[in-house]
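For reference, the structure discussed in these notes is given below.
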Protein chains: 4
Amino acid sequence: MKILNDPIYGFITIRYPIILNLIDHPYFQRLNRIKQLGLSYLVYPGAHHTRFHHAIGAMHLMQNAIDVLKLKEIEISEEEELGALIAILLHDIGHGPFSHALEHTLVKGVSHEDISILLMNKLNEEFEGKLDLSIEIFRNNYKKKFLHQLVSSQLDMDRLDYLKRDSFYSGVSEGVVSSDRIINMLNVHNDELVIEEKGIYSIEKFIVARRLMYWQVYLHKTVLAAENLLVRILKRAKYLAENGVELHASPVLKKFLYNNYSKADFDTNEVLEAFTQLDDTDLYSAIKTWAKHEDFTLSKISNALINRDLPKIIIQKEPFEETRINGLTKLVKETYSISDEEVNYIVFDSAITNNAYNAKEDVINIKYKNGDILNITDASDNFNIQSLTEPVKKYFVCYPKEFRGKW
Amino acid sequence: MKILNDPIYGFITIRYPIILNLIDHPYFQRLNRIKQLGLSYLVYPGAHHTRFHHAIGAMHLMQNAIDVLKLKEIEISEEEELGALIAILLHDIGHGPFSHALEHTLVKGVSHEDISILLMNKLNEEFEGKLDLSIEIFRNNYKKKFLHQLVSSQLDMDRLDYLKRDSFYSGVSEGVVSSDRIINMLNVHNDELVIEEKGIYSIEKFIVARRLMYWQVYLHKTVLAAENLLVRILKRAKYLAENGVELHASPVLKKFLYNNYSKADFDTNEVLEAFTQLDDTDLYSAIKTWAKHEDFTLSKISNALINRDLPKIIIQKEPFEETRINGLTKLVKETYSISDEEVNYIVFDSAITNNAYNAKEDVINIKYKNGDILNITDASDNFNIQSLTEPVKKYFVCYPKEFRGKW
Amino acid sequence: MKILNDPIYGFITIRYPIILNLIDHPYFQRLNRIKQLGLSYLVYPGAHHTRFHHAIGAMHLMQNAIDVLKLKEIEISEEEELGALIAILLHDIGHGPFSHALEHTLVKGVSHEDISILLMNKLNEEFEGKLDLSIEIFRNNYKKKFLHQLVSSQLDMDRLDYLKRDSFYSGVSEGVVSSDRIINMLNVHNDELVIEEKGIYSIEKFIVARRLMYWQVYLHKTVLAAENLLVRILKRAKYLAENGVELHASPVLKKFLYNNYSKADFDTNEVLEAFTQLDDTDLYSAIKTWAKHEDFTLSKISNALINRDLPKIIIQKEPFEETRINGLTKLVKETYSISDEEVNYIVFDSAITNNAYNAKEDVINIKYKNGDILNITDASDNFNIQSLTEPVKKYFVCYPKEFRGKW
Amino acid sequence: MKILNDPIYGFITIRYPIILNLIDHPYFQRLNRIKQLGLSYLVYPGAHHTRFHHAIGAMHLMQNAIDVLKLKEIEISEEEELGALIAILLHDIGHGPFSHALEHTLVKGVSHEDISILLMNKLNEEFEGKLDLSIEIFRNNYKKKFLHQLVSSQLDMDRLDYLKRDSFYSGVSEGVVSSDRIINMLNVHNDELVIEEKGIYSIEKFIVARRLMYWQVYLHKTVLAAENLLVRILKRAKYLAENGVELHASPVLKKFLYNNYSKADFDTNEVLEAFTQLDDTDLYSAIKTWAKHEDFTLSKISNALINRDLPKIIIQKEPFEETRINGLTKLVKETYSISDEEVNYIVFDSAITNNAYNAKEDVINIKYKNGDILNITDASDNFNIQSLTEPVKKYFVCYPKEFRGKW
């Protein structure tokens, strides 16, 4: 029995030795060097929590959920319990640094989910098949479907922990979800996770809190500007690398800058191992040197990120008029005397959607005392959840602050 | 008026534009990449908070303290208020990554306090003398002595914030100090900070909480092992560098590895600027590559840190017998076939002291309703604070885990 | 400057001597003996907080709100500040014990708002006119309309405090509203309170939290059963009193049992003074003796309340069929051998509505950066607030537990 | 499985039906009408929590402690678990309203511990012997001594809950003890409760927090004045009752005013039953009427309590000079034209001691990893716990405020 301190849950007790061994593994330890929220700390200075901590927190909630279900006489064997604990512990093991940005630049075509599976399989070999059940649960191949739902669904332990953790560390106290109450309301019906009737208002509140977190934190406009800037930095660096320009970077980062790996390449040990040695610190350390690079564009945008001299961002519900954007682009291009190609790293527009909840594909079911099961959107007597859960699309444009008010 | 979210205080309101400008300065922004507690996250996975956040938190407490003192009709002009706010905001500006380790290796003979003064002077130039008063307060040259005490003394805002913040993020909830109550009990008497009589039990509790934080967090034995390991890594790297061995590192880190700078060198712009570009990420990124270096010693200890395969540490109140340590050292040396010189990076012993409070040099004074002033050690009617505040020395030895039980 | 401890806000600082004098007044001190949530502690055992504490908490929020508005350069003189503080401090001064139950039985036709005005006027006399401005603000006769809105509107300090306080003490942590953030988002536009654009999600969350508190706490079915039982106890006692039956009660409670006072009677000093001496303890102390009264009905329902042997309650969205209720009533009547008149104290049905928000009469306005003002129901881009705010009516019936499953 | 909300612990799960039945019993329900901290709310307006809530909270901690000990492979049968849960649930069942004051006036010579035993025996009869084991544990007659220590010792669940609860509700946040950590550090050695080595700093902090709570809350000087005033009110009322003066009171309160019951009388059903019907509300309701009684003394001191016009209190470390007190007494006597006997209800002096910890009788033992057991006073390496735990005696005098500065 090992006890970890957690500012959110107080203590996290680890009951199984294999879990300690997995946590000690270099694949898992590296998550200590990958922030859960990427660049959000630029707006919320407390948000430096890591994927390491989130994975352990989600596992703690899984333990609580299993304890509650067992008290409610849902049958879960010790093997299944351990399987579910490991599945949630490793659900994010394939994340690299700034995953979203990386997937658009250095590891195109390879999702973190793909890599999670690859790493789980490798760990399973090392642990001599002891992860078989976990992998089945993770991939939803196990007969007890509700165990997978605890790992991945509208109300999985992943979401409960990250919403709570992200709101805790960012200080956006209104995003706090009552994971305790939701877990206490869990039950299983026809092999599916359901929420007991008394929990209906907590679910409503959970959905509202999630929406709030999306607009206030995950899609906060300054964070959006920073993340899009990072994508451009990596794109520019890769472009220069492909053109034979010398860039300072750690050996593993260089590997991904100067080569293009496909998903097939990740099946080789070499590329996968390299990937597991990459973390936030390689990127920061490199970008700081790029801020002094002779390439004007790379230097300009690297500087902007490192010294938090972020682009101005405008967000609106309608697309921007093309002619207006063109005018801005032209102005910036001429001011800086840069090429058409280069200006696109400095002025850019795009769109975002808050895909918080997809009511069509995945549902939250409420179980009534009389045995009825209703989807939350039908169960909620006067709450138009449908409207809350419809994705909202917004458009934005970013450009250097000095052009504010000049176009 | 700008508002920042803080998980600890809720909101931090910034009332003066110059403070925003200082926060935006690259010197200050880099503190975002320097963890307040260095390697403590290896034991307390929540402890990733930064010096950036601490500095802003301490400034927030300063604002509160000044508001309280003004309500108690202590005269503080707006200029003095701003001076004190800036002094506390910048009090740690000279910290580098893992300051303690660095001061023993790469920047020998130059303390972070020295560098703070250098950087404040440079900022003062940039801000055209607007930091004059702050620097006077910081260096205790200003006539109102209590303003300096708010920045640096037994009960300064620095300590109040870091004890609270470190206990909050580490999850060691018992270290929490009631900064609110202590600040409410502050007063000024003969130009010195005092605590009002009603606050005496809070001060006792503060002293106990601080002691608890020392032994439970700052001097936690696993953290101690990790920090001492880091010192050996940097020493080994510097040794190799001095002997012409090639090491991967970012350009600024290389500068400090391959050169020996004195305090005088820091007076030149070039070295100081280089220092301000160094942060935690350079060290991590480099150490990860060193874990694969051909030098057995460097590779071994770098690996141990990166993959959290930390040395075994034994702590005791008496010094270790020399013959016993020698036996262990010999065993390790022979097992690894390394030299006398090399083994010292792998087996090492030392001592620590918790210098939490030095009753002789610096005191906490209690002010009674009848006007009497008493030192807390005399004021506390039955509490032997003296004993609490006497430094305790402990001895430790570190060595690779595989030798546990073998010497 | 006087400081009060508050578990919710930490410290409450009182800056004005007249406020201390008002708090010390017997009219205000009696609120210490009147619970804010009446009988809710029967479900939520922590909910013993008083109207005294709520009034002081609301005043604290008022102070915060005024501080924020002043920082935003809304003009508020010291006189107006004090006026608003007193207005909110005294807004509930007219509450008696279990106001809702009392207004249906012992003080019919006299609302607590009426009595608040009467008591404020009396206090104004005692304090020699110093409450003039407070009374103007309270009655919305003062020119700066937004000051009244801070006392009474959709987002007044009353509501912010009671939602927060009730959820805190009941332990329904999901009802917690972020009063801090909402207050920070307040502004004034055309003499009306508005919320700044950034606060829109907090307002949505506030509305959902409020709805949750209604159904989970204020209209919790067990609380509903208890409160309706109390109404019947008082009705029965009054009926017996009117028929000359002797009842134990404190002198002031007797006054209200054995007399029928109209609103006009309250204008006399004697009745008003008697009212200000009535509190929760008179009712409990009397009902305990009534539990042993020879009248079967009074004794039965008094016992049920005192020993928490509460009626079974059924709630549904449609009205109950009359014949079914009649059957139940007949069964109970015959079992207990009681009259038609008596059975109505023991079996009763009624309806409730959650009047949380009346979008037609009162609105929450959002102020956009570009100066636009939009009602929250229009401002919220995809949130059907309309549906959240429509009143919901539910029907219930109560009867002794022993008849469960027998009708 | 029944779940209760608790603002402190979140949720309290009740696993055994008999515990629900005990909670529902009128003996236990009455604790809902008895405040845990008596008159402390006059200083800490949040402190209205009840003995009911404390008893349930202590039971919750007992469940946690048992769960932890079982994980550490201490043998505890389900019967013993239930026995310990019931023992702690009922440990305070014999408390009356304002127990301390009552024991000095209306129920002289009968302690609440005596009554607890009487009531437990009665409940045991009603529950057909199911409380046998609980009573054995409670009276320390059961072979496993550590179970009794969980109910009553330096670190029992009673103390852990009340310190935490009292500090929570009073808002004296510094009194908060980390019950979680202490419970996690519990172990059993030679059938005695011990604390594991790692918990030593938490125990130190617990002892300091307890001392803080004594001086800041339990023995707060205003609370002391109020409680001593209440004793005088009850003494005066009893004196008048004994002299045949008519006093308004509820029938049960009258019983104790107009009769003198010995401990033997409590063995009769009648007196015990009467006692179980007495609660805070009887006293408040009566004292309010006494405030208008024609006896000058009774009316004066009753008024002072009800309207919080409390006596001035002076506390000092040395006894007061007799001549000075005599002078004050004479002055008050003459001013009010009252007798020697009467003035003693209005001017009174006495002494208090904080019996927080009695190191001689009862100890906290620390268990080291190497198996050593040390008393905390020896284990703590530099902490003079002895001094912290020595009782401190203080002297006080109370008199009407109008005489302040006049003697």
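Every chain in the structure tokens has a letter given in the order shown (A, B, ...), and although residue numbers restart at 1 in each chain, ligands are simply numbered from 1 in the order shown.
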
Given a cut-off of 12 Å, which residues of chain D touch chain B, counting only C-alpha atoms, written out as a PyMOL selection string?
chain D and resi 171-182+198-217+220-221+316-317+354+380-394

Selection near Ile338 of chain A, 12 Å with only C-alpha atoms, sequence-local residues under 3 positions removed, as JSON, numbers by chain
{"A": [295, 296, 297, 300, 329, 330, 331, 332, 333, 334, 335, 341, 342, 343, 344, 345, 346, 347]}

Using DSSP on the backbone coordinates, identify all residues within segment 34-235 of chain B classified as strand (DSSP E or B); present the result as an MDAnalysis selection string.
chainID B and resid 35 50 186:189 192:196

How would you write, as a PyMOL selection string, the set of residues in segment 106-263 of chain C that DSSP gives as helix (DSSP H, G or I)?
chain C and resi 112-126+132-138+145-151+157-170+173-175+179-184+197-218+221-242+251-258+263

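Going from atom CA of Ala55 of chain D over to atom CA of Asp158 of chain D, you cover 7.8 Å.
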
I'd like the contact shell of segment 12-24 of chain C - 7 Å cut-off, only C-alpha atoms, skipping same-chain residues fewer than 6 positions apart - returned as a list of chain:residue names.
C:Met1, C:Lys2, C:Ile3, C:Leu4, C:Asn5, C:Asp6, C:His60, C:Ile86

Quick one: everything within 6 Å of segment 42-48 of chain C, counting only C-alpha atoms, minus sequence neighbours fewer than 3 positions away in the same chain. Send it as a count of residues only.
5

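In this model, the gap between atom CA of Ile195 of chain A and atom CA of Ile366 of chain A comes to 4.8 Å.
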